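The next block holds one structure in the form of structure tokens; read it before the comments.
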Amino acid sequence: MIPATVARKRLLMMSVLLLPGLLVDCRSRPTASVSLAQLVANQDAYVGRLVDTTGMVRSFIDATGRYYVIEDSHQNRVELLPASRADPYEGGRIEVTGKFGFDERTGRFIVIEGILPLRPGGTG
Amino acid sequence: MIVAVTASTFATAIVALLGGTFALLLVGSLHRARNSRKYVPPQAPGADGRTLRARPQRPARVLSRRDFFRGSLLASLGVFAAQFGGTTLAFLWPNLKGGFGSQITLADPPDEILQQVNDRQQPYYLGAGRFYLISYTGDGDKPGGIYEGITAEVPGFPGRLMAIYQKCAHLGCRVPFCQQSQWFECPCHGSKYNYAGEYELGPAPTGMFRFPVKVQGNQVVVDTGTVTAGPPRGTDTIHESPRGPFCVA
């Protein structure tokens, strides 16, 4: 039999340890591996989520300057932010992890957290 | 494949580990408490020397502080699980009726919609459905055409109803209709589409997406759950130049 004081201490300790974990988990959800087609078709469902996707980096120029997008073979596109992190990969295939968002003035975007070059014939 | 443990993954793993340990400790503790409380009914000797079977009496149950806390903890965990489960279900549950992603029945009858479109010289817009209805007069919806099966005829009107998804084919911004040019012009990156939502200018890879429209009786039904891809660049079934200056430079 465990003494009552020990059991109580254990419970208290577990509660103290569990609560911050729950709070952190409520703030964010795990990374979703999605195709660009899925992101484009259901953009609202992924806003605010950490996503992982693959595609080719392309750039466009508008009145505000040069911006970079990741696109697939069907030209489903998402802008990559910041541009400076996408710039070295222009024309190449990448796998990118980052927070997906949508802005009414600029459209869909991913704020890059991780970016990796892929082989030209790689998946995705 | 990027092998990176993000903060959320780490937190989820910690929570799962702690939750499992916590649940095990709790179950073990409850089990021990139950075993230690096994009740043995008292037996008294009768007049003939035999033991009489005493009527079992339930002991007065006193709720200890530990039991109270244990119960509270279980109840709060249950409430948390119910809230979390309920919210998740509500988030994931598909919008089956009336909203975007379902079949939307418009309040206005088809002839009134087309009359409005013709009189006001601009498409009929339904924000809840995220689409424009235009009066399509091109030949793209003829058998074998690119829009076959997605327009709806309205008796007495030369144009057919066509539903155009408001989303830009480039990066998904909402594309407003420009009254001056009679084209759709995206304010985000300047993509421009003609009155039928076909690509004309800018970075968009295709024309605007569409939804199938049906006229059932005196009602217009737009199926926003079925998105038809935009026509490829170079498609021009209505041959209409801009009728005035652009709204977006």
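Lettering and numbering for the structure tokens are positional, with chains as A, B, ... in the shown order, residues counted from 1 in each chain, and ligands counted from 1 in the shown order.
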Which residues of chain B sit at most 7 Å from chain A, using only C-alpha atoms? Give each one's shortest atom pair and distance in Å (one decimal place), in chain and ascending residue order, as a tab-separated table.
residue	atom	partner	partner_atom	distance
B:Ser8	CA	A:Pro30	CA	5.6
B:Thr9	CA	A:Pro30	CA	5.5
B:Ala11	CA	A:Gly21	CA	5.8
B:Thr12	CA	A:Asp25	CA	6.0
B:Ile14	CA	A:Gly21	CA	6.7
B:Val15	CA	A:Gly21	CA	5.3
B:Leu18	CA	A:Leu18	CA	6.1
B:Gly19	CA	A:Leu18	CA	7.0
B:Phe22	CA	A:Met14	CA	6.4
B:His170	CA	A:Arg77	CA	6.5
B:Leu171	CA	A:Gly107	CA	4.9
B:Gly172	CA	A:Gly107	CA	5.4
B:Cys173	CA	A:Gly107	CA	4.9
B:Cys188	CA	A:Thr106	CA	5.0
B:His189	CA	A:Asp62	CA	6.4
B:Pro205	CA	A:Gln75	CA	6.4
(request) To one decimal in Å, tell me the separation between atom CA of Gln83 of chain B and atom CA of Gly101 of chain A. (result) 26.3 Å
(request) Give me, please, the distance in Å between atom CA of Tyr193 of chain B and atom CA of Pro155 of chain B, quoted to one decimal. (result)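 According to the coordinates, atom CA of Tyr193 of chain B and atom CA of Pro155 of chain B are separated by 27.6 Å.
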(message) Using only C-alpha atoms, can you tell me which of B:Met162, B:Phe131, B:Met208, B:Phe10 comes closest to Gly149 of chain B?
(response)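 Checking each candidate against Gly149 of chain B, we get B:Met162 as the closest.
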(message) One number please: atom CA of Arg119 of chain A to atom CA of Gly65 of chain A, in Å, one decimal.
(response)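 Value for the atom CA of Arg119 of chain A-atom CA of Gly65 of chain A distance: 28.8 Å.
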(message) Need to verify the contact set: Asp87 of chain A, 10 Å, only C-alpha atoms, exclusion of same-chain residues closer than 6 positions in sequence. Can you return it as a ChimeraX atom specification?
(response) /A:57-59,66-69,80-81
Saved selection, atoms kept: C-alpha atoms, as a PDB file, in the first residue's frame:
ATOM      1  CA  VAL A  57       9.733  27.058 -56.863  1.00  0.00           C
ATOM      2  CA  ARG A  58       8.809  29.781 -59.331  1.00  0.00           C
ATOM      3  CA  SER A  59       8.949  33.530 -59.148  1.00  0.00           C
ATOM      4  CA  ARG A  66       9.433  39.705 -56.872  1.00  0.00           C
ATOM      5  CA  TYR A  67       7.601  36.962 -55.021  1.00  0.00           C
ATOM      6  CA  TYR A  68       8.059  33.203 -54.972  1.00  0.00           C
ATOM      7  CA  VAL A  69       5.515  30.424 -55.170  1.00  0.00           C
ATOM      8  CA  LEU A  80       6.512  31.205 -50.080  1.00  0.00           C
ATOM      9  CA  LEU A  81       7.462  33.683 -47.361  1.00  0.00           C
TER      10      LEU A  81
END
(message) I want to know what sits within 7 Å of Arg49 of chain A, based on only C-alpha atoms, with residues of the same chain fewer than 2 positions away left out; could you give that as a list in words?
(response)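 Neighbouring residues, sequence-local ones excluded: Arg29, Tyr46, Val47, Val51, Lys99 and Phe100 of chain A.
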Please produce an output containing N, CA and C atoms for each residue in the selection, written as a compact mmCIF listing (two decimals), in the first residue's frame.
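Result saved to part.txt:
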# COMPACT_ATOMS: atom_id res chain seq x y z
N ARG A 29 -1.17 22.30 -33.64
CA ARG A 29 -1.47 20.93 -34.05
C ARG A 29 -0.29 20.39 -34.84
N TYR A 46 -6.82 24.65 -43.84
CA TYR A 46 -5.42 24.57 -43.40
C TYR A 46 -4.88 25.87 -42.84
N VAL A 47 -5.68 26.91 -42.85
CA VAL A 47 -5.18 28.20 -42.36
C VAL A 47 -4.74 28.07 -40.90
N VAL A 51 2.10 22.88 -42.24
CA VAL A 51 1.94 21.93 -43.34
C VAL A 51 3.30 21.57 -43.93
N LYS A 99 4.06 27.34 -41.74
CA LYS A 99 2.70 27.65 -41.34
C LYS A 99 1.93 28.20 -42.55
N PHE A 100 0.79 27.56 -42.81
CA PHE A 100 -0.03 27.97 -43.96
C PHE A 100 -0.97 29.10 -43.54
(message) Residues of segment 87-233 of chain B classed as strand (DSSP E or B) by DSSP on the backbone are to be reported as a ChimeraX atom specification.
(response) /B:103-105,124-126,131-136,152,160-165,167,174,177-178,183-185,192-193,199-201,206,210-211,213-216,219-223,228,232
Could you save those same residues with N, CA and C atoms as a tab-separated table (two decimals), in the first residue's frame?
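What follows is the written file again.tsv:
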chain	number	residue	atom	x	y	z
B	103	GLN	N	-25.06	21.78	-52.05
B	103	GLN	CA	-25.93	22.30	-53.12
B	103	GLN	C	-26.69	23.48	-52.55
B	104	ILE	N	-26.57	24.60	-53.21
B	104	ILE	CA	-27.22	25.81	-52.71
B	104	ILE	C	-28.40	26.17	-53.60
B	105	THR	N	-29.54	26.31	-52.96
B	105	THR	CA	-30.74	26.73	-53.70
B	105	THR	C	-30.93	28.22	-53.48
B	124	TYR	N	-24.64	38.30	-60.87
B	124	TYR	CA	-25.37	38.12	-59.61
B	124	TYR	C	-24.39	37.45	-58.66
B	125	TYR	N	-24.20	38.04	-57.48
B	125	TYR	CA	-23.19	37.50	-56.57
B	125	TYR	C	-23.84	36.93	-55.31
B	126	LEU	N	-23.42	35.74	-54.92
B	126	LEU	CA	-23.90	35.16	-53.67
B	126	LEU	C	-22.68	34.87	-52.80
B	131	PHE	N	-19.83	32.48	-55.20
B	131	PHE	CA	-19.86	32.41	-56.66
B	131	PHE	C	-20.61	33.58	-57.26
B	132	TYR	N	-20.32	33.77	-58.56
B	132	TYR	CA	-21.06	34.74	-59.38
B	132	TYR	C	-21.90	33.93	-60.35
B	133	LEU	N	-23.06	34.47	-60.66
B	133	LEU	CA	-23.87	33.89	-61.74
B	133	LEU	C	-23.85	34.88	-62.88
B	134	ILE	N	-23.48	34.39	-64.07
B	134	ILE	CA	-23.47	35.28	-65.23
B	134	ILE	C	-24.45	34.77	-66.27
B	135	SER	N	-24.71	35.62	-67.23
B	135	SER	CA	-25.54	35.22	-68.37
B	135	SER	C	-24.57	34.85	-69.49
B	136	TYR	N	-24.39	33.57	-69.71
B	136	TYR	CA	-23.39	33.10	-70.67
B	136	TYR	C	-23.99	33.00	-72.06
B	152	ALA	N	-27.13	26.35	-67.25
B	152	ALA	CA	-28.57	26.04	-67.19
B	152	ALA	C	-29.35	27.04	-68.03
B	160	ARG	N	-27.47	31.65	-70.91
B	160	ARG	CA	-27.65	30.57	-69.94
B	160	ARG	C	-26.94	30.95	-68.64
B	161	LEU	N	-27.44	30.41	-67.54
B	161	LEU	CA	-26.81	30.69	-66.24
B	161	LEU	C	-25.52	29.90	-66.11
B	162	MET	N	-24.46	30.58	-65.68
B	162	MET	CA	-23.19	29.89	-65.43
B	162	MET	C	-22.67	30.40	-64.09
B	163	ALA	N	-22.22	29.47	-63.23
B	163	ALA	CA	-21.71	29.86	-61.90
B	163	ALA	C	-20.19	29.86	-61.91
B	164	ILE	N	-19.61	31.00	-61.56
B	164	ILE	CA	-18.15	31.13	-61.54
B	164	ILE	C	-17.67	31.28	-60.10
B	165	TYR	N	-16.74	30.41	-59.71
B	165	TYR	CA	-16.17	30.45	-58.36
B	165	TYR	C	-15.38	31.75	-58.22
B	167	LYS	N	-12.85	32.52	-56.57
B	167	LYS	CA	-11.44	32.39	-56.22
B	167	LYS	C	-10.52	32.56	-57.44
B	174	ARG	N	-10.09	36.56	-53.55
B	174	ARG	CA	-11.42	36.77	-54.10
B	174	ARG	C	-11.31	37.77	-55.25
B	177	PHE	N	-15.70	41.78	-59.61
B	177	PHE	CA	-16.05	42.10	-60.99
B	177	PHE	C	-15.89	43.60	-61.18
B	178	CYS	N	-15.24	43.98	-62.25
B	178	CYS	CA	-15.03	45.41	-62.53
B	178	CYS	C	-16.14	45.89	-63.47
B	183	TRP	N	-14.86	42.94	-66.83
B	183	TRP	CA	-14.02	41.77	-66.63
B	183	TRP	C	-13.89	41.51	-65.13
B	184	PHE	N	-13.42	40.33	-64.81
B	184	PHE	CA	-13.07	40.03	-63.42
B	184	PHE	C	-11.59	40.39	-63.26
B	185	GLU	N	-11.28	41.16	-62.20
B	185	GLU	CA	-9.89	41.60	-62.03
B	185	GLU	C	-9.44	41.33	-60.60
B	192	LYS	N	-6.41	38.91	-64.77
B	192	LYS	CA	-7.66	39.43	-65.34
B	192	LYS	C	-8.35	38.34	-66.15
B	193	TYR	N	-9.67	38.29	-66.00
B	193	TYR	CA	-10.49	37.29	-66.68
B	193	TYR	C	-11.64	38.03	-67.37
B	199	TYR	N	-9.29	33.22	-68.78
B	199	TYR	CA	-8.03	33.94	-68.56
B	199	TYR	C	-7.74	34.93	-69.68
B	200	GLU	N	-7.33	36.12	-69.30
B	200	GLU	CA	-6.91	37.12	-70.29
B	200	GLU	C	-5.51	37.66	-70.01
B	201	LEU	N	-5.27	38.07	-68.74
B	201	LEU	CA	-3.97	38.69	-68.41
B	201	LEU	C	-3.51	38.29	-67.00
B	206	THR	N	-4.81	29.52	-65.25
B	206	THR	CA	-6.02	29.11	-66.00
B	206	THR	C	-7.11	30.16	-65.80
B	210	ARG	N	-15.37	26.83	-61.89
B	210	ARG	CA	-16.82	26.93	-62.03
B	210	ARG	C	-17.56	25.88	-61.19
B	211	PHE	N	-18.87	26.10	-61.02
B	211	PHE	CA	-19.74	25.11	-60.37
B	211	PHE	C	-20.89	24.79	-61.32
B	213	VAL	N	-24.60	24.39	-62.54
B	213	VAL	CA	-25.89	25.04	-62.18
B	213	VAL	C	-27.03	24.24	-62.78
B	214	LYS	N	-28.12	24.16	-62.02
B	214	LYS	CA	-29.32	23.51	-62.55
B	214	LYS	C	-30.52	24.41	-62.26
B	215	VAL	N	-31.48	24.37	-63.14
B	215	VAL	CA	-32.74	25.03	-62.86
B	215	VAL	C	-33.76	23.93	-62.63
B	216	GLN	N	-34.27	23.88	-61.39
B	216	GLN	CA	-35.26	22.85	-61.04
B	216	GLN	C	-36.56	23.55	-60.72
B	219	GLN	N	-36.50	27.16	-59.40
B	219	GLN	CA	-35.38	27.41	-58.49
B	219	GLN	C	-34.04	27.14	-59.16
B	220	VAL	N	-33.08	27.94	-58.75
B	220	VAL	CA	-31.72	27.76	-59.26
B	220	VAL	C	-30.91	27.03	-58.18
B	221	VAL	N	-30.28	25.94	-58.58
B	221	VAL	CA	-29.47	25.16	-57.64
B	221	VAL	C	-28.02	25.13	-58.13
B	222	VAL	N	-27.11	25.57	-57.27
B	222	VAL	CA	-25.69	25.56	-57.63
B	222	VAL	C	-24.98	24.56	-56.73
B	223	ASP	N	-24.26	23.63	-57.35
B	223	ASP	CA	-23.56	22.59	-56.59
B	223	ASP	C	-22.13	23.05	-56.28
B	228	THR	N	-15.43	22.63	-60.99
B	228	THR	CA	-14.92	22.32	-62.34
B	228	THR	C	-13.71	23.20	-62.59
B	232	PRO	N	-8.29	26.33	-69.79
B	232	PRO	CA	-6.87	26.67	-69.94
B	232	PRO	C	-6.68	28.05	-70.59
(message) I need the alpha helix (DSSP H) residues of segment 113-156 of chain B per DSSP on the backbone, written as a ChimeraX atom specification.
(response) /B:113-120
